[in-house]
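I have placed the structure first, in the form of structure tokens, so that the comments after it can refer back to it.
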Amino acid sequence: MDTSFAVTFFGALFAIMNPVSSLPIFLSVTEGAPAAVQRQIALKVALYCFVLGAAFALAGTQVLTLFGISTDDFRVAGGLVVLLLALNMLNGDESSSHHGTDDEKRSYPAPDAVAFYPLTFPIIVGPGTITTLIVYAHQATTPAHVTAFAAVFVGMVALLALTFYNAPALARHLSGTARVIMSRLMGMILAAIAVGMIVTGLKTLLPGLA
């Protein structure tokens, strides 16, 4: 396994999918549901995230090619999306592309029917997550990279499932201050990764800048 690739990919994926920051959203969306139902929703969210994330990772590059979009084009555009998400995290704001607009929030379905929409898509597997999966999947060109990619992705889904499954208990012990600190820290890391995406894409698209 390529440790350097795994650490970078984990940092990017954790910063975007961040189970800790998503915990209050999970509790808010599933408010009113019994604990047993919340645990069922948590497992469904993990399954949907795995299936949807794997689909984007495996077919993302082919879909881009179908539309005549190069990976570097997508890397720059996706890097800008991730950067905006990171800036929102640093400012303590919600990104409407991930958390939904006010109108979308008012139309969320009943607590026992929210596993796919909005929890999986677009809150967990939103534009930032999709961009990260496609970009790093494209970089996984060796068996070591592929192994690292698969291990990090599966591990992140497992961590998400574990966090949401124990959401009621964790919420009692996780202070608002801890969530704010985590969000700000992840926002800074995500901003740095987004800049790296943009710079790497621009170096290929505009060789003179290199």
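Going by the structure tokens order, chains are called A, B, ..., each with residues numbered from 1, while ligands are numbered from 1 in the order shown.
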
Could you please write out, as JSON, numbers by chain, every residue of chain A that DSSP assigns to alpha helix (DSSP H)? {"A": [3, 4, 5, 6, 7, 8, 9, 10, 11, 12, 13, 14, 15, 16, 17, 19, 20, 21, 22, 23, 24, 25, 26, 27, 28, 29, 35, 36, 37, 38, 39, 40, 41, 42, 43, 44, 45, 46, 47, 48, 49, 50, 51, 52, 53, 54, 55, 56, 57, 58, 59, 60, 61, 62, 63, 64, 65, 66, 71, 72, 73, 74, 75, 76, 77, 78, 79, 80, 81, 82, 83, 84, 85, 86, 87, 88, 89, 90, 91, 96, 97, 98, 99, 102, 103, 104, 105, 106, 127, 128, 129, 130, 131, 132, 133, 134, 135, 136, 137, 138, 139, 143, 144, 145, 146, 147, 148, 149, 150, 151, 152, 153, 154, 155, 156, 157, 158, 159, 160, 161, 162, 163, 164, 165, 167, 168, 169, 170, 171, 172, 173, 176, 177, 178, 179, 180, 181, 182, 183, 184, 185, 186, 187, 188, 189, 190, 191, 192, 193, 194, 195, 196, 197, 198, 199, 200, 201, 202, 203, 204, 205]}

Could you write out the selected residues, including C-alpha atoms, as a short mmCIF file (atom, residue, chain, number, x, y, z; two decimals), in the first residue's frame?
data_model
loop_
_atom_site.label_atom_id
_atom_site.label_comp_id
_atom_site.auth_asym_id
_atom_site.auth_seq_id
_atom_site.Cartn_x
_atom_site.Cartn_y
_atom_site.Cartn_z
CA THR A 3 1.22 5.27 2.51
CA SER A 4 1.69 8.79 1.13
CA PHE A 5 -1.21 8.41 -1.32
CA ALA A 6 -3.39 6.83 1.38
CA VAL A 7 -2.74 9.62 3.89
CA THR A 8 -3.47 12.37 1.35
CA PHE A 9 -6.63 10.66 0.10
CA PHE A 10 -7.82 9.98 3.66
CA GLY A 11 -7.25 13.61 4.61
CA ALA A 12 -9.30 14.85 1.65
CA LEU A 13 -12.10 12.31 2.07
CA PHE A 14 -12.36 12.71 5.84
CA ALA A 15 -12.42 16.49 5.56
CA ILE A 16 -15.37 16.37 3.16
CA MET A 17 -17.39 13.40 4.48
CA PRO A 19 -18.71 12.01 10.22
CA VAL A 20 -18.26 14.30 13.25
CA SER A 21 -19.42 17.44 11.44
CA SER A 22 -22.24 15.48 9.79
CA LEU A 23 -23.45 14.08 13.12
CA PRO A 24 -25.66 17.07 14.07
CA ILE A 25 -27.19 17.00 10.57
CA PHE A 26 -27.93 13.28 10.92
CA LEU A 27 -29.60 13.86 14.29
CA SER A 28 -31.57 16.82 12.95
CA VAL A 29 -32.84 15.00 9.85
CA ALA A 35 -33.19 4.85 18.29
CA ALA A 36 -33.68 1.53 16.48
CA VAL A 37 -34.87 3.32 13.36
CA GLN A 38 -31.94 5.75 13.55
CA ARG A 39 -29.54 2.79 13.61
CA GLN A 40 -31.26 1.28 10.56
CA ILE A 41 -30.96 4.62 8.77
CA ALA A 42 -27.25 4.79 9.69
CA LEU A 43 -26.60 1.38 8.11
CA LYS A 44 -28.60 2.30 5.01
CA VAL A 45 -26.65 5.56 4.65
CA ALA A 46 -23.36 3.64 4.85
CA LEU A 47 -24.53 1.16 2.21
CA TYR A 48 -25.77 3.89 -0.13
CA CYS A 49 -22.53 5.87 0.33
CA PHE A 50 -20.48 2.80 -0.54
CA VAL A 51 -22.50 1.98 -3.67
CA LEU A 52 -22.74 5.56 -4.92
CA GLY A 53 -19.11 6.38 -4.10
CA ALA A 54 -17.84 3.20 -5.75
CA ALA A 55 -19.90 3.96 -8.87
CA PHE A 56 -18.37 7.43 -9.19
CA ALA A 57 -14.87 6.12 -8.52
CA LEU A 58 -15.16 3.34 -11.13
CA ALA A 59 -17.11 5.14 -13.85
CA GLY A 60 -16.38 8.81 -13.18
CA THR A 61 -13.48 9.14 -15.62
CA GLN A 62 -15.42 7.31 -18.37
CA VAL A 63 -18.40 9.62 -17.89
CA LEU A 64 -16.15 12.67 -18.16
CA THR A 65 -14.63 11.27 -21.35
CA LEU A 66 -18.13 10.70 -22.76
CA THR A 71 -9.58 14.83 -15.94
CA ASP A 72 -7.51 17.98 -15.61
CA ASP A 73 -10.50 20.15 -16.60
CA PHE A 74 -12.52 18.40 -13.93
CA ARG A 75 -9.66 18.64 -11.43
CA VAL A 76 -9.60 22.45 -11.75
CA ALA A 77 -13.40 22.82 -11.67
CA GLY A 78 -13.74 20.31 -8.85
CA GLY A 79 -10.91 21.97 -6.95
CA LEU A 80 -12.83 25.25 -7.05
CA VAL A 81 -15.96 23.50 -5.73
CA VAL A 82 -13.97 21.88 -2.92
CA LEU A 83 -12.28 25.22 -2.15
CA LEU A 84 -15.66 26.94 -1.80
CA LEU A 85 -16.81 24.14 0.50
CA ALA A 86 -13.62 24.53 2.57
CA LEU A 87 -14.11 28.30 2.85
CA ASN A 88 -17.68 27.74 4.06
CA MET A 89 -16.35 25.35 6.71
CA LEU A 90 -13.76 27.91 7.82
CA ASN A 91 -16.43 30.60 8.08
CA SER A 96 -26.06 24.67 0.04
CA SER A 97 -24.58 22.27 -2.54
CA HIS A 98 -23.96 19.74 0.24
CA HIS A 99 -26.59 20.52 2.87
CA ASP A 102 -33.71 26.25 2.76
CA ASP A 103 -36.51 25.19 0.41
CA GLU A 104 -34.97 21.72 0.01
CA LYS A 105 -34.65 21.33 3.78
CA ARG A 106 -38.34 22.13 4.25
CA PRO A 127 -20.07 17.57 -5.29
CA GLY A 128 -16.96 17.75 -3.11
CA THR A 129 -16.97 14.03 -2.32
CA ILE A 130 -17.65 13.10 -5.95
CA THR A 131 -14.80 15.32 -7.14
CA THR A 132 -12.37 13.83 -4.62
CA LEU A 133 -13.30 10.25 -5.51
CA ILE A 134 -12.94 10.80 -9.26
CA VAL A 135 -9.67 12.74 -9.01
CA TYR A 136 -7.97 10.26 -6.68
CA ALA A 137 -9.37 7.26 -8.56
CA HIS A 138 -7.74 8.66 -11.70
CA GLN A 139 -4.43 8.94 -9.82
CA PRO A 143 -1.76 -1.81 -7.58
CA ALA A 144 -0.43 -0.08 -4.44
CA HIS A 145 -2.51 3.03 -5.18
CA VAL A 146 -5.61 0.96 -5.94
CA THR A 147 -5.19 -0.95 -2.68
CA ALA A 148 -4.74 2.30 -0.75
CA PHE A 149 -7.76 3.87 -2.45
CA ALA A 150 -10.00 0.90 -1.67
CA ALA A 151 -8.79 0.62 1.93
CA VAL A 152 -9.31 4.32 2.66
CA PHE A 153 -12.73 4.45 1.01
CA VAL A 154 -14.02 1.32 2.77
CA GLY A 155 -12.54 2.53 6.05
CA MET A 156 -14.23 5.92 5.71
CA VAL A 157 -17.62 4.31 5.01
CA ALA A 158 -17.14 2.04 8.03
CA LEU A 159 -16.24 5.04 10.21
CA LEU A 160 -19.32 6.87 8.95
CA ALA A 161 -21.52 3.87 9.75
CA LEU A 162 -20.02 3.53 13.24
CA THR A 163 -20.47 7.23 14.01
CA PHE A 164 -24.07 7.44 12.80
CA TYR A 165 -24.98 4.10 14.40
CA ALA A 167 -25.19 9.02 17.04
CA PRO A 168 -27.45 9.51 20.10
CA ALA A 169 -24.71 8.45 22.53
CA LEU A 170 -21.98 10.45 20.78
CA ALA A 171 -24.12 13.59 20.66
CA ARG A 172 -24.32 13.60 24.46
CA HIS A 173 -20.54 13.60 24.81
CA GLY A 176 -20.49 22.22 20.25
CA THR A 177 -17.00 23.62 20.71
CA ALA A 178 -15.42 20.32 19.68
CA ARG A 179 -17.53 20.21 16.53
CA VAL A 180 -16.59 23.80 15.65
CA ILE A 181 -12.87 23.12 16.14
CA MET A 182 -13.10 19.97 14.01
CA SER A 183 -14.96 21.83 11.26
CA ARG A 184 -12.42 24.67 11.15
CA LEU A 185 -9.46 22.28 11.13
CA MET A 186 -10.94 20.13 8.39
CA GLY A 187 -11.79 23.28 6.41
CA MET A 188 -8.16 24.38 6.46
CA ILE A 189 -6.91 20.96 5.39
CA LEU A 190 -9.55 20.77 2.66
CA ALA A 191 -8.61 24.24 1.37
CA ALA A 192 -4.97 23.17 1.03
CA ILE A 193 -5.96 19.99 -0.82
CA ALA A 194 -8.27 21.98 -3.12
CA VAL A 195 -5.46 24.38 -4.01
CA GLY A 196 -3.28 21.36 -4.82
CA MET A 197 -5.97 20.01 -7.15
CA ILE A 198 -6.29 23.34 -8.95
CA VAL A 199 -2.53 23.84 -9.32
CA THR A 200 -1.98 20.29 -10.61
CA GLY A 201 -4.74 20.71 -13.20
CA LEU A 202 -3.49 24.13 -14.33
CA LYS A 203 0.07 22.84 -14.76
CA THR A 204 -1.23 20.36 -17.35
CA LEU A 205 -3.71 22.67 -19.04
#
